[in-house]
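Participant: mmCIF, C-alpha atoms, saved as query04.cif, coming up:
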```
data_final
loop_
_atom_site.label_atom_id
_atom_site.label_comp_id
_atom_site.auth_asym_id
_atom_site.auth_seq_id
_atom_site.Cartn_x
_atom_site.Cartn_y
_atom_site.Cartn_z
CA MET A 1 -54.59 14.96 45.25
CA THR A 2 -57.18 12.44 44.12
CA SER A 3 -60.26 12.25 46.32
CA PHE A 4 -61.16 8.67 47.30
CA GLN A 5 -64.73 7.81 48.24
CA PRO A 6 -64.78 4.67 50.37
CA ALA A 7 -67.84 2.49 50.00
CA ALA A 8 -67.59 0.01 52.78
CA VAL A 9 -69.78 -3.12 52.76
CA PRO A 10 -70.70 -4.60 56.14
CA GLY A 11 -68.88 -7.87 56.83
CA GLU A 12 -66.32 -7.38 54.02
CA PRO A 13 -62.85 -5.74 53.90
CA PRO A 14 -62.96 -2.05 53.02
CA PRO A 15 -62.13 -1.09 49.40
CA ALA A 16 -58.37 -0.56 48.83
CA ASP A 17 -58.92 3.00 47.67
CA SER A 18 -60.50 3.83 51.01
CA VAL A 19 -57.46 2.73 53.04
CA ARG A 20 -54.71 5.23 53.65
CA PRO A 21 -51.19 3.74 53.21
CA ARG A 22 -50.25 4.30 56.84
CA ASP A 23 -53.43 2.46 57.93
CA SER A 24 -52.96 -0.54 55.61
CA THR A 25 -52.86 -4.11 56.98
CA PRO A 26 -52.71 -7.54 55.42
CA GLN A 27 -56.50 -7.72 55.80
CA ALA A 28 -57.04 -4.16 54.54
CA PRO A 29 -54.34 -3.25 51.96
CA THR A 30 -54.29 0.09 50.22
CA SER A 31 -54.36 0.45 46.42
CA VAL A 32 -51.42 1.29 44.16
CA ALA A 33 -53.19 4.40 42.93
CA ARG A 34 -53.73 5.68 46.48
CA LEU A 35 -50.09 4.88 47.39
CA ASN A 36 -48.75 6.75 44.35
CA ASP A 37 -51.08 9.64 44.97
CA THR A 38 -49.94 9.83 48.58
CA ILE A 39 -46.27 9.81 47.49
CA ARG A 40 -46.89 12.56 44.96
CA GLY A 41 -48.63 14.68 47.56
CA PHE A 42 -45.67 14.24 49.89
CA VAL A 43 -43.10 15.00 47.19
CA GLN A 44 -44.90 18.14 46.07
CA THR A 45 -44.37 19.66 49.52
CA TRP A 46 -40.59 19.71 49.00
CA GLY A 47 -40.60 22.68 46.67
CA SER A 48 -37.63 23.70 44.48
CA VAL A 49 -34.02 22.86 45.42
CA TRP A 50 -30.72 24.21 44.06
CA VAL A 51 -28.28 21.35 43.50
CA GLU A 52 -24.71 21.15 42.22
CA GLY A 53 -23.31 18.27 40.18
CA GLU A 54 -21.86 17.00 36.90
CA ILE A 55 -23.94 16.11 33.86
CA THR A 56 -23.29 12.46 32.98
CA ALA A 57 -26.17 11.91 30.54
CA TRP A 58 -27.85 14.29 28.11
CA ASN A 59 -30.40 12.85 25.67
CA GLN A 60 -32.72 15.01 23.60
CA ARG A 61 -36.05 13.63 22.45
CA GLY A 62 -38.69 15.78 20.78
CA GLY A 63 -37.28 19.01 22.16
CA ASN A 64 -37.17 17.68 25.73
CA VAL A 65 -33.99 16.61 27.51
CA PHE A 66 -33.62 13.55 29.72
CA GLY A 67 -30.41 13.24 31.68
CA ARG A 68 -28.60 12.43 34.85
CA LEU A 69 -26.72 14.59 37.34
CA LYS A 70 -23.90 13.09 39.41
CA ASP A 71 -22.59 14.15 42.77
CA LEU A 72 -19.10 15.67 42.62
CA ALA A 73 -17.69 13.58 45.48
CA THR A 74 -19.61 10.28 45.39
CA ASP A 75 -21.36 8.04 42.87
CA ALA A 76 -24.83 9.31 43.80
CA THR A 77 -26.93 10.40 40.80
CA ILE A 78 -30.41 11.74 40.09
CA SER A 79 -32.53 11.74 36.97
CA PHE A 80 -33.82 15.02 35.60
CA ARG A 81 -36.11 16.26 32.88
CA ILE A 82 -35.96 19.56 31.04
CA TRP A 83 -39.14 20.37 29.16
CA SER A 84 -38.86 22.14 25.80
CA SER A 85 -40.30 25.36 27.20
CA THR A 86 -37.56 25.47 29.84
CA ARG A 87 -34.82 24.33 27.42
CA GLU A 88 -35.21 27.50 25.42
CA ARG A 89 -34.18 29.59 28.42
CA LEU A 90 -31.06 27.54 29.27
CA PRO A 91 -27.53 27.92 27.79
CA GLY A 92 -27.23 26.26 24.42
CA ASP A 93 -23.83 24.65 25.08
CA LEU A 94 -24.81 22.36 27.96
CA LYS A 95 -23.38 18.89 27.45
CA VAL A 96 -22.10 15.78 29.18
CA GLY A 97 -19.22 16.51 31.57
CA ASP A 98 -20.30 20.06 32.42
CA HIS A 99 -20.17 21.13 36.05
CA VAL A 100 -23.50 22.86 36.69
CA ILE A 101 -25.91 24.07 39.35
CA ALA A 102 -29.62 23.51 38.69
CA CYS A 103 -32.90 24.45 40.24
CA VAL A 104 -34.88 21.21 40.43
CA LYS A 105 -38.24 20.20 41.76
CA ALA A 106 -39.18 16.65 42.65
CA ASP A 107 -41.83 15.12 40.43
CA TYR A 108 -43.52 11.77 40.90
CA PHE A 109 -45.59 10.31 38.10
CA VAL A 110 -48.60 8.47 39.46
CA LYS A 111 -49.23 6.41 36.34
CA ASN A 112 -45.91 4.55 36.28
CA GLY A 113 -44.35 5.35 39.64
CA ASP A 114 -41.44 7.16 38.00
CA PHE A 115 -39.50 9.55 40.22
CA SER A 116 -37.56 12.38 38.66
CA PHE A 117 -36.69 16.03 38.95
CA SER A 118 -37.90 18.80 36.68
CA VAL A 119 -35.30 21.46 35.94
CA SER A 120 -36.42 25.07 35.90
CA ALA A 121 -32.95 26.64 35.70
CA MET A 122 -29.40 25.45 35.03
CA ARG A 123 -26.10 27.21 34.50
CA HIS A 124 -22.41 26.37 34.18
CA VAL A 125 -20.04 26.26 37.11
CA GLY A 126 -17.02 24.83 35.31
CA LEU A 127 -15.71 21.70 33.63
CA GLY A 128 -16.75 18.57 35.47
CA ASP A 129 -14.04 16.95 37.58
CA GLN A 130 -14.24 13.66 35.75
CA LEU A 131 -14.05 15.26 32.35
CA GLU A 132 -11.20 17.43 33.52
CA ARG A 133 -9.26 14.42 34.79
CA LEU A 134 -9.89 12.56 31.54
CA GLU A 135 -8.71 15.50 29.48
CA ARG A 136 -5.51 15.80 31.52
CA LEU A 137 -4.88 12.07 31.07
CA ARG A 138 -5.65 12.34 27.34
CA VAL A 139 -3.06 15.12 26.95
CA GLN A 140 -0.47 13.11 28.91
CA LEU A 141 -0.98 9.94 26.86
CA ARG A 142 -0.88 11.89 23.61
CA SER A 143 2.41 13.49 24.62
CA GLU A 144 3.82 10.01 25.27
CA GLY A 145 2.94 8.99 21.71
CA LEU A 146 0.30 6.38 22.62
CA PHE A 147 -2.17 7.95 20.18
CA ASP A 148 0.36 8.25 17.34
CA PRO A 149 -1.05 6.64 14.14
CA SER A 150 2.42 5.32 13.26
CA ARG A 151 2.39 2.90 16.21
CA LYS A 152 -1.02 1.44 15.37
CA LYS A 153 -0.88 -2.09 13.96
CA PRO A 154 -2.77 -2.95 10.77
CA LEU A 155 -5.61 -5.46 10.98
CA PRO A 156 -5.32 -8.75 9.05
CA PHE A 157 -7.37 -8.92 5.89
CA LEU A 158 -9.12 -12.14 6.93
CA PRO A 159 -8.72 -13.10 10.60
CA HIS A 160 -9.17 -16.84 11.16
CA LEU A 161 -9.71 -16.50 14.91
CA ILE A 162 -11.05 -13.39 16.66
CA GLY A 163 -10.72 -12.68 20.37
CA LEU A 164 -13.78 -10.95 21.87
CA ILE A 165 -13.95 -9.25 25.28
CA THR A 166 -17.46 -8.27 26.31
CA GLY A 167 -20.14 -8.70 28.96
CA GLU A 168 -21.71 -12.12 29.40
CA ASN A 169 -24.98 -12.56 27.45
CA SER A 170 -24.72 -8.95 26.26
CA ASP A 171 -26.28 -7.48 23.15
CA ALA A 172 -22.79 -6.41 22.06
CA GLU A 173 -21.67 -10.04 21.92
CA LYS A 174 -24.72 -11.01 19.86
CA ASP A 175 -24.23 -8.09 17.48
CA VAL A 176 -20.56 -8.90 16.85
CA HIS A 177 -21.23 -12.63 16.29
CA ARG A 178 -24.27 -12.11 14.10
CA ASN A 179 -22.79 -9.46 11.83
CA ALA A 180 -19.40 -11.18 11.53
CA GLU A 181 -20.96 -14.54 10.65
CA LEU A 182 -23.27 -12.89 8.12
CA ARG A 183 -20.25 -11.39 6.37
CA TRP A 184 -17.94 -14.43 6.62
CA PRO A 185 -19.66 -17.62 7.84
CA GLN A 186 -16.39 -19.45 8.57
CA VAL A 187 -15.12 -16.91 11.10
CA LYS A 188 -14.42 -18.24 14.62
CA PHE A 189 -14.39 -16.50 18.02
CA VAL A 190 -12.74 -16.97 21.39
CA THR A 191 -14.82 -14.96 23.87
CA LYS A 192 -13.63 -13.77 27.27
CA TYR A 193 -16.33 -12.35 29.54
CA ALA A 194 -15.61 -9.35 31.75
CA ALA A 195 -17.62 -6.79 33.68
CA VAL A 196 -18.25 -3.79 31.42
CA GLN A 197 -18.88 -1.28 34.22
CA GLY A 198 -18.14 -0.83 37.88
CA GLU A 199 -15.08 -1.68 39.91
CA ARG A 200 -14.53 -5.10 38.28
CA CYS A 201 -14.49 -3.68 34.75
CA VAL A 202 -10.83 -2.66 34.53
CA PRO A 203 -9.10 -5.66 36.17
CA GLU A 204 -11.28 -8.25 34.41
CA THR A 205 -10.86 -6.56 31.02
CA ILE A 206 -7.08 -6.38 31.46
CA ALA A 207 -6.92 -10.04 32.47
CA ALA A 208 -8.98 -11.06 29.43
CA LEU A 209 -6.81 -8.89 27.15
CA LYS A 210 -3.58 -10.46 28.40
CA ALA A 211 -4.99 -13.99 28.02
CA LEU A 212 -6.07 -13.38 24.41
CA ASP A 213 -2.88 -11.50 23.54
CA ALA A 214 -0.79 -14.45 24.76
CA ALA A 215 -2.68 -16.90 22.51
CA PRO A 216 -0.62 -17.34 19.29
CA ASP A 217 -3.61 -18.16 17.08
CA ILE A 218 -5.61 -15.01 17.89
CA ASP A 219 -5.42 -12.62 14.92
CA VAL A 220 -7.31 -9.63 16.32
CA ILE A 221 -9.02 -8.66 19.60
CA ILE A 222 -12.32 -6.77 19.89
CA ILE A 223 -13.33 -5.02 23.13
CA ALA A 224 -17.08 -4.41 22.83
CA ARG A 225 -19.76 -2.85 25.00
CA GLY A 226 -23.19 -1.47 24.26
CA GLY A 227 -24.26 2.12 24.80
CA GLY A 228 -24.46 3.83 28.16
CA ASP A 229 -23.99 7.14 29.88
CA PRO A 230 -20.43 8.40 30.33
CA GLN A 231 -20.49 7.39 33.98
CA THR A 232 -20.82 3.72 33.10
CA LEU A 233 -18.12 3.98 30.43
CA LEU A 234 -15.45 5.42 32.73
CA GLY A 235 -13.70 2.05 33.06
CA PHE A 236 -12.70 2.20 29.39
CA SER A 237 -10.84 5.47 30.04
CA ASP A 238 -8.84 4.01 32.92
CA GLU A 239 -5.10 4.56 32.52
CA ARG A 240 -4.27 0.95 33.43
CA LEU A 241 -6.49 -0.44 30.69
CA VAL A 242 -5.31 2.11 28.14
CA ARG A 243 -1.65 1.26 28.74
CA ALA A 244 -2.38 -2.48 28.61
CA VAL A 245 -4.00 -2.06 25.18
CA ALA A 246 -1.03 0.01 23.99
CA ALA A 247 1.37 -2.74 25.09
CA ALA A 248 -0.57 -5.57 23.38
CA SER A 249 1.16 -7.23 20.43
CA THR A 250 -2.15 -8.29 18.82
CA PRO A 251 -4.20 -5.62 16.99
CA VAL A 252 -7.01 -4.32 19.24
CA VAL A 253 -10.35 -2.90 18.07
CA SER A 254 -12.33 -0.62 20.40
CA ALA A 255 -16.12 -0.88 20.02
CA ILE A 256 -17.46 0.94 23.08
CA GLY A 257 -20.91 2.51 23.22
CA HIS A 258 -22.33 4.54 20.35
CA GLU A 259 -20.93 6.97 17.82
CA ASN A 260 -20.91 9.94 20.22
CA ASP A 261 -19.16 8.00 23.01
CA HIS A 262 -15.42 8.54 23.06
CA PRO A 263 -13.46 6.86 25.88
CA LEU A 264 -9.67 6.96 25.89
CA LEU A 265 -9.63 3.35 24.72
CA ASP A 266 -10.77 4.58 21.30
CA ASP A 267 -7.65 6.74 20.93
CA VAL A 268 -5.09 4.08 21.86
CA ALA A 269 -6.71 1.12 20.08
CA ASP A 270 -5.42 0.14 16.63
CA LEU A 271 -8.91 0.70 15.22
CA ARG A 272 -11.90 2.57 16.63
CA ALA A 273 -15.33 1.23 15.68
CA SER A 274 -18.40 3.36 16.37
CA THR A 275 -20.46 0.39 17.59
CA PRO A 276 -20.02 -3.37 18.11
CA THR A 277 -21.85 -3.90 14.82
CA ASP A 278 -19.42 -1.57 13.07
CA ALA A 279 -16.51 -3.51 14.61
CA ALA A 280 -17.73 -6.77 13.09
CA LYS A 281 -18.11 -5.12 9.69
CA ARG A 282 -14.64 -3.58 9.77
CA VAL A 283 -12.78 -6.63 11.10
CA VAL A 284 -14.30 -9.29 8.83
CA PRO A 285 -14.58 -8.82 5.05
CA ASP A 286 -17.88 -9.42 3.32
CA VAL A 287 -17.71 -12.72 1.44
CA ALA A 288 -20.27 -11.49 -1.10
CA GLU A 289 -18.22 -8.35 -1.78
CA GLN A 290 -15.02 -10.39 -2.10
CA ARG A 291 -16.67 -12.81 -4.50
CA ALA A 292 -17.99 -9.89 -6.54
CA LEU A 293 -14.52 -8.34 -6.53
CA VAL A 294 -12.92 -11.61 -7.65
CA ALA A 295 -15.53 -11.96 -10.40
CA GLN A 296 -14.91 -8.38 -11.47
CA LEU A 297 -11.15 -8.86 -11.56
CA ARG A 298 -11.56 -12.13 -13.42
CA ALA A 299 -13.82 -10.44 -15.98
CA ARG A 300 -11.31 -7.61 -16.39
CA LEU A 301 -8.48 -10.11 -16.84
CA THR A 302 -10.50 -12.08 -19.40
CA SER A 303 -11.33 -8.88 -21.26
CA ARG A 304 -7.71 -7.75 -21.28
CA LEU A 305 -6.45 -11.14 -22.48
CA THR A 306 -9.15 -11.31 -25.15
CA GLN A 307 -8.27 -7.82 -26.37
CA ARG A 308 -4.57 -8.66 -26.42
CA LEU A 309 -5.10 -11.94 -28.27
CA THR A 310 -7.46 -10.28 -30.74
CA HIS A 311 -4.95 -7.51 -31.38
CA ASP A 312 -2.06 -9.94 -31.80
CA ILE A 313 -4.10 -12.16 -34.14
CA ALA A 314 -5.00 -9.12 -36.23
CA GLN A 315 -1.34 -8.08 -36.33
CA LEU A 316 -0.33 -11.59 -37.36
CA GLU A 317 -2.96 -11.71 -40.10
CA GLN A 318 -1.79 -8.32 -41.34
CA LEU A 319 1.78 -9.55 -41.52
CA ARG A 320 0.75 -12.77 -43.22
CA SER A 321 -1.24 -10.83 -45.82
CA ARG A 322 1.81 -8.90 -46.98
CA PRO A 323 3.22 -10.06 -50.39
CA VAL A 324 6.60 -10.87 -48.96
CA LEU A 325 5.08 -13.44 -46.62
CA ARG A 326 2.22 -14.52 -48.86
CA THR A 327 4.64 -15.57 -51.68
CA PRO A 328 8.11 -15.64 -50.14
CA ASP A 329 9.58 -17.39 -53.29
CA THR A 330 9.23 -14.13 -55.21
CA LEU A 331 11.53 -12.37 -52.81
CA LEU A 332 14.07 -15.19 -53.04
CA THR A 333 13.90 -15.27 -56.86
CA THR A 334 14.36 -11.49 -57.11
CA ARG A 335 17.26 -11.57 -54.71
CA ALA A 336 18.81 -14.54 -56.56
CA HIS A 337 18.71 -12.61 -59.86
CA GLU A 338 20.26 -9.59 -58.18
CA VAL A 339 22.99 -11.78 -56.72
CA GLU A 340 23.70 -13.33 -60.15
CA LEU A 341 23.91 -9.91 -61.79
CA LEU A 342 26.16 -8.59 -59.08
CA ALA A 343 28.36 -11.71 -59.31
CA ALA A 344 28.66 -11.39 -63.11
CA ARG A 345 29.40 -7.69 -62.80
CA GLY A 346 32.04 -8.48 -60.20
CA ARG A 347 33.65 -11.11 -62.39
CA ASP A 348 33.76 -8.70 -65.35
CA ARG A 349 35.33 -5.98 -63.27
CA VAL A 350 37.90 -8.38 -61.83
CA ASP A 351 38.73 -9.73 -65.29
CA ARG A 352 39.14 -6.21 -66.72
CA ALA A 353 41.24 -5.19 -63.75
CA LEU A 354 43.45 -8.29 -64.18
CA GLN A 355 43.91 -7.64 -67.90
CA THR A 356 44.74 -4.01 -67.27
CA HIS A 357 47.29 -4.94 -64.63
CA ASP A 358 48.72 -7.71 -66.84
CA ARG A 359 49.32 -5.18 -69.61
CA ARG A 360 50.81 -2.73 -67.19
CA THR A 361 53.04 -5.45 -65.75
CA ALA A 362 54.25 -6.44 -69.25
CA GLU A 363 54.99 -2.81 -70.05
CA LEU A 364 56.92 -2.37 -66.83
CA ARG A 365 58.77 -5.65 -67.42
CA ALA A 366 59.75 -4.53 -70.95
CA THR A 367 60.87 -1.14 -69.65
CA LEU A 368 62.83 -2.78 -66.89
CA ARG A 369 64.37 -5.28 -69.31
CA ALA A 370 65.35 -2.45 -71.66
CA LEU A 371 67.04 -0.61 -68.81
CA SER A 372 68.66 -3.72 -67.40
CA PRO A 373 72.46 -4.34 -67.92
CA ALA A 374 71.57 -7.88 -68.94
CA SER A 375 69.87 -6.49 -72.02
CA THR A 376 73.03 -4.59 -72.91
CA LEU A 377 75.12 -7.71 -72.39
CA ALA A 378 72.72 -9.66 -74.63
CA ARG A 379 73.55 -7.27 -77.46
CA GLY A 380 77.26 -8.34 -77.37
CA TYR A 381 78.73 -6.13 -74.74
CA ALA A 382 80.79 -7.34 -71.78
CA ILE A 383 81.78 -6.11 -68.33
CA ALA A 384 85.32 -6.60 -67.02
CA HIS A 385 85.88 -7.04 -63.29
CA LEU A 386 89.10 -7.10 -61.38
CA ALA A 387 89.77 -9.80 -58.86
CA ASP A 388 88.26 -7.72 -56.08
CA GLY A 389 85.05 -7.17 -58.07
CA VAL A 390 85.80 -3.63 -59.14
CA ILE A 391 84.43 -2.89 -62.62
CA VAL A 392 87.16 -1.86 -65.05
CA ARG A 393 86.24 1.59 -66.29
CA ASP A 394 89.74 2.72 -67.27
CA ALA A 395 92.37 0.69 -69.20
CA ALA A 396 94.93 1.84 -66.72
CA GLN A 397 93.12 -0.22 -64.07
CA ALA A 398 94.21 -3.43 -65.90
CA PRO A 399 97.95 -3.28 -66.70
CA GLU A 400 99.63 -6.16 -68.35
CA SER A 401 99.25 -9.59 -66.76
CA THR A 402 96.34 -8.39 -64.61
CA PRO A 403 93.72 -11.14 -64.18
CA VAL A 404 90.28 -10.00 -65.30
CA VAL A 405 86.82 -11.60 -65.08
CA VAL A 406 84.70 -10.83 -68.10
CA THR A 407 80.89 -11.07 -67.83
CA VAL A 408 79.02 -11.49 -71.10
CA GLY A 409 75.37 -12.05 -72.02
CA ARG A 410 75.52 -15.62 -70.71
CA GLY A 411 78.05 -16.31 -68.00
CA SER A 412 81.57 -15.06 -67.23
CA PHE A 413 85.09 -16.18 -68.11
CA ALA A 414 88.65 -15.35 -66.90
CA ALA A 415 91.22 -13.44 -68.94
CA HIS A 416 94.60 -11.68 -68.57
CA SER A 417 95.16 -8.15 -69.70
CA ASP A 418 97.96 -7.47 -72.19
CA GLY A 419 97.98 -3.89 -71.14
CA GLU A 420 96.46 -0.75 -72.59
CA ILE A 421 96.16 -0.64 -76.44
CA SER A 422 96.88 2.59 -78.18
CA GLU A 423 94.05 4.32 -79.93
CA GLY A 424 95.58 3.86 -83.42
CA ARG A 425 95.89 0.14 -83.10
CA VAL A 426 92.92 -1.77 -84.50
CA PRO A 427 91.91 -4.73 -82.44
CA PRO A 428 91.41 -8.09 -84.15
CA ARG A 429 88.01 -8.47 -85.87
CA ALA A 430 85.57 -10.40 -83.93
CA ALA A 431 84.18 -13.41 -85.62
CA GLY A 432 80.67 -13.00 -86.87
CA PRO A 433 77.88 -15.20 -85.83
CA GLY A 434 78.18 -18.63 -87.35
CA GLU A 435 81.86 -18.35 -87.96
CA ASP A 436 83.34 -19.72 -84.70
CA GLY A 437 80.31 -19.56 -82.33
CA ALA A 438 81.86 -16.78 -80.17
CA SER A 439 80.07 -13.52 -79.31
CA PRO A 440 81.93 -10.26 -79.76
CA ALA A 441 83.38 -8.90 -76.54
CA PRO A 442 85.58 -5.91 -76.03
CA ASN A 443 88.97 -6.32 -74.32
#
```
Could you rewrite the structure in this file as structure tokens?

Facilitator:
Amino acid sequence: MTSFQPAAVPGEPPPADSVRPRDSTPQAPTSVARLNDTIRGFVQTWGSVWVEGEITAWNQRGGNVFGRLKDLATDATISFRIWSSTRERLPGDLKVGDHVIACVKADYFVKNGDFSFSVSAMRHVGLGDQLERLERLRVQLRSEGLFDPSRKKPLPFLPHLIGLITGENSDAEKDVHRNAELRWPQVKFVTKYAAVQGERCVPETIAALKALDAAPDIDVIIIARGGGDPQTLLGFSDERLVRAVAAASTPVVSAIGHENDHPLLDDVADLRASTPTDAAKRVVPDVAEQRALVAQLRARLTSRLTQRLTHDIAQLEQLRSRPVLRTPDTLLTTRAHEVELLAARGRDRVDRALQTHDRRTAELRATLRALSPASTLARGYAIAHLADGVIVRDAAQAPESTPVVVTVGRGSFAAHSDGEISEGRVPPRAAGPGEDGASPAPN
């Protein structure tokens, strides 16, 4: 303990350092240094204490650990420090949520009036009650399908109006607004304030969520809170809030705490952002990136069109340079000559074929005429027919007085048979041509 040397001056109040705290008065106050020194001296008499609780904060800085230990039955907590020399002797898997017993000694820092406990030993007892309850609830909700990726709703590419649920005048609200507006200046927000820890956290957050979800012009909802120890983030693992988020028809983004914080809200939300800043970056596109993308696509389109036009122009020039297109009259003239030659050749073949067939027809006509009975009749012969048209082939067919039709080279005439003539009888001589104008005809 610091030794104070009072130096009293007659007629004046004693120096503050010379007044013990229990002897202080408005006329003779004690000093802050002497008060802190007195408290430290009192605290040092407590000695070491074994205490049981749940780790709710565990932050490592420079090899030392600064954390908090919570009572298992109430909300009472203490702060503790584990120096690097002691940390080496403790289990290496200590973390937030562990149920532990620790040997602690009260320590009061005179310089800043900070009261804490130094840990000299710590060991596991079991999983902390809160963590155990959260894990059981996590398993139950997962079995119900609330964490299934297939039920998560996609976020709009460019939300016109964003609903924000956060603490009033919080850094999370400023981070979301600032980063969103930097990325897309025209973005607009509707903010609902709610307590982000304590007993009011869950009902106020649910009320704000329902109000924003009912608004038809809200495209996406962000629930944001800055960092904190797991004890202060318990409201965002409450089953009522988790089920309300799962039932919302508007996409919900969870932006609670820091990267290593993981409340149940992160699992059921449609998108989990590591921080409020990350939420703003993932919900709102970057206008500069979109402009660059549009410019890139436009450049690619221009390049493709230019290449296509250049290729087609080259193809057209190549076709135009061919002789058939450069002087198309030549092709027509050549084809015209070929057509004339083919037409002349066709006419010659048709003429020869006609002549050949004419000769063949004349030959067949002459053969037919030679074989025709008319030709025989023309040479002076005749054919005798009975009345019924039967050709007389035997003289006995025409007895005397039988009417007969005689067909000669030109026409027919009627006659009567005088009967059969004997072979020795010579028939009358037929008149020769020019004598009586009659053609010879047998009886």

Participant: Enumerate, as a PyMOL selection string, the residues matched when the PyMOL selection byres ((chain A and resi 102-111) around 10) is run on the file above.

Facilitator: chain A and resi 32-53+69+80-82+100-101+112-124

Participant: To test your reading of the syntax: which residues would the PyMOL selection byres ((chain A and resi 71) around 12) return for the file shown? Reply as a list in words.

Facilitator: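 So the PyMOL selection byres ((chain A and resi 71) around 12) ends up selecting Val51, Glu52, Gly53, Glu54, Ile55, Thr56, Arg68, Leu69, Lys70, Leu72, Ala73, Thr74, Asp75, Ala76, Thr77, Ile78, Ser79, Gly97, His99, Val100, Ile101, Gly128, Asp129, Gln130 and Gln231 of chain A.
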
Participant: Which residue, A:Leu233, A:Ile383, A:Val252, A:Leu212, has the smallest gap to Val408 (chain A) when you use all atoms listed in the file?

Facilitator: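 Ranking A:Leu233, A:Ile383, A:Val252, A:Leu212 by distance to Val408 (chain A), first place goes to A:Ile383.
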
Participant: Closest to Ala246 (chain A) among A:Arg282, A:His311, A:Arg151, A:His258, using only C-alpha atoms?

Facilitator: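 Looking at the shortest contact to Ala246 (chain A), the residue is A:Arg151.
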
Participant: Could you list the residues chosen by the PyMOL selection byres ((chain A and resi 205) around 10) in this structure as an mmCIF file with C-alpha atoms, in the frame of the given file?

Facilitator:
```cif
data_model
loop_
_atom_site.group_PDB
_atom_site.id
_atom_site.type_symbol
_atom_site.label_atom_id
_atom_site.label_comp_id
_atom_site.auth_asym_id
_atom_site.auth_seq_id
_atom_site.Cartn_x
_atom_site.Cartn_y
_atom_site.Cartn_z
ATOM 1 C CA ILE A 165 -13.950 -9.250 25.280
ATOM 2 C CA THR A 166 -17.460 -8.270 26.310
ATOM 3 C CA GLY A 167 -20.140 -8.700 28.960
ATOM 4 C CA LYS A 192 -13.630 -13.770 27.270
ATOM 5 C CA TYR A 193 -16.330 -12.350 29.540
ATOM 6 C CA ALA A 194 -15.610 -9.350 31.750
ATOM 7 C CA ALA A 195 -17.620 -6.790 33.680
ATOM 8 C CA VAL A 196 -18.250 -3.790 31.420
ATOM 9 C CA ARG A 200 -14.530 -5.100 38.280
ATOM 10 C CA CYS A 201 -14.490 -3.680 34.750
ATOM 11 C CA VAL A 202 -10.830 -2.660 34.530
ATOM 12 C CA PRO A 203 -9.100 -5.660 36.170
ATOM 13 C CA GLU A 204 -11.280 -8.250 34.410
ATOM 14 C CA ILE A 206 -7.080 -6.380 31.460
ATOM 15 C CA ALA A 207 -6.920 -10.040 32.470
ATOM 16 C CA ALA A 208 -8.980 -11.060 29.430
ATOM 17 C CA LEU A 209 -6.810 -8.890 27.150
ATOM 18 C CA LYS A 210 -3.580 -10.460 28.400
ATOM 19 C CA ALA A 211 -4.990 -13.990 28.020
ATOM 20 C CA ILE A 223 -13.330 -5.020 23.130
ATOM 21 C CA GLY A 235 -13.700 2.050 33.060
ATOM 22 C CA PHE A 236 -12.700 2.200 29.390
ATOM 23 C CA LEU A 241 -6.490 -0.440 30.690
ATOM 24 C CA ALA A 244 -2.380 -2.480 28.610
#
```

Participant: Tell me which of A:Val187, A:Ala172, A:Ala396, A:Ala370 sits closest to Asp286 (chain A), counting all atoms listed in the file.

Facilitator: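 Once distances to Asp286 (chain A) are computed over all atoms listed in the file, the minimum belongs to A:Val187.
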
Participant: Smallest atom-to-atom distance to Arg133 (chain A): which of A:Asp312, A:Ser237, A:Gly257, A:Glu338, using all atoms listed in the file?

Facilitator: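 For Arg133 (chain A), the nearest of the given residues is A:Ser237.
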
Participant: At what distance in Å, to one decimal, does CA of Asp388 (chain A) lie from CA of Thr402 (chain A)?

Facilitator: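 Answer for the CA of Thr402 (chain A) to CA of Asp388 (chain A) separation: 11.8 Å.
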
Participant: Here's a test: counting all atoms listed in the file, identify every protein, DNA and RNA residue with an atom at most 9 Å from (-24.3, 17.5, 25.4) in the file's coordinate frame, and state them as a list in words.

Facilitator: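 Checking each residue against the 9 Å limit leaves Ile55, Ala57, Trp58, Asn59, Gln60, Asp93, Leu94, Lys95, Val96, Gly97 and Asp98 of chain A.
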
Participant: Okay, now the selection with C-alpha atoms, as an mmCIF file, keeping the file's coordinate frame?

Facilitator:
```cif
data_model
loop_
_atom_site.group_PDB
_atom_site.id
_atom_site.type_symbol
_atom_site.label_atom_id
_atom_site.label_comp_id
_atom_site.auth_asym_id
_atom_site.auth_seq_id
_atom_site.Cartn_x
_atom_site.Cartn_y
_atom_site.Cartn_z
ATOM 1 C CA ILE A 55 -23.940 16.110 33.860
ATOM 2 C CA ALA A 57 -26.170 11.910 30.540
ATOM 3 C CA TRP A 58 -27.850 14.290 28.110
ATOM 4 C CA ASN A 59 -30.400 12.850 25.670
ATOM 5 C CA GLN A 60 -32.720 15.010 23.600
ATOM 6 C CA ASP A 93 -23.830 24.650 25.080
ATOM 7 C CA LEU A 94 -24.810 22.360 27.960
ATOM 8 C CA LYS A 95 -23.380 18.890 27.450
ATOM 9 C CA VAL A 96 -22.100 15.780 29.180
ATOM 10 C CA GLY A 97 -19.220 16.510 31.570
ATOM 11 C CA ASP A 98 -20.300 20.060 32.420
#
```

Participant: Need the shell around His416 (chain A): protein/DNA/RNA residues with any atom at most 6 Å away, counting all atoms listed in the file. Skip same-chain ones fewer than 4 positions apart. Format as a list in words?

Facilitator: Ser401, Thr402, Pro403 and Val404 of chain A

Participant: How about saving the chosen residues, C-alpha atoms kept, as a compact mmCIF listing (two decimals), keeping the file's coordinate frame?

Facilitator:
```txt
# COMPACT_ATOMS: atom_id res chain seq x y z
CA SER A 401 99.25 -9.59 -66.76
CA THR A 402 96.34 -8.39 -64.61
CA PRO A 403 93.72 -11.14 -64.18
CA VAL A 404 90.28 -10.00 -65.30
```
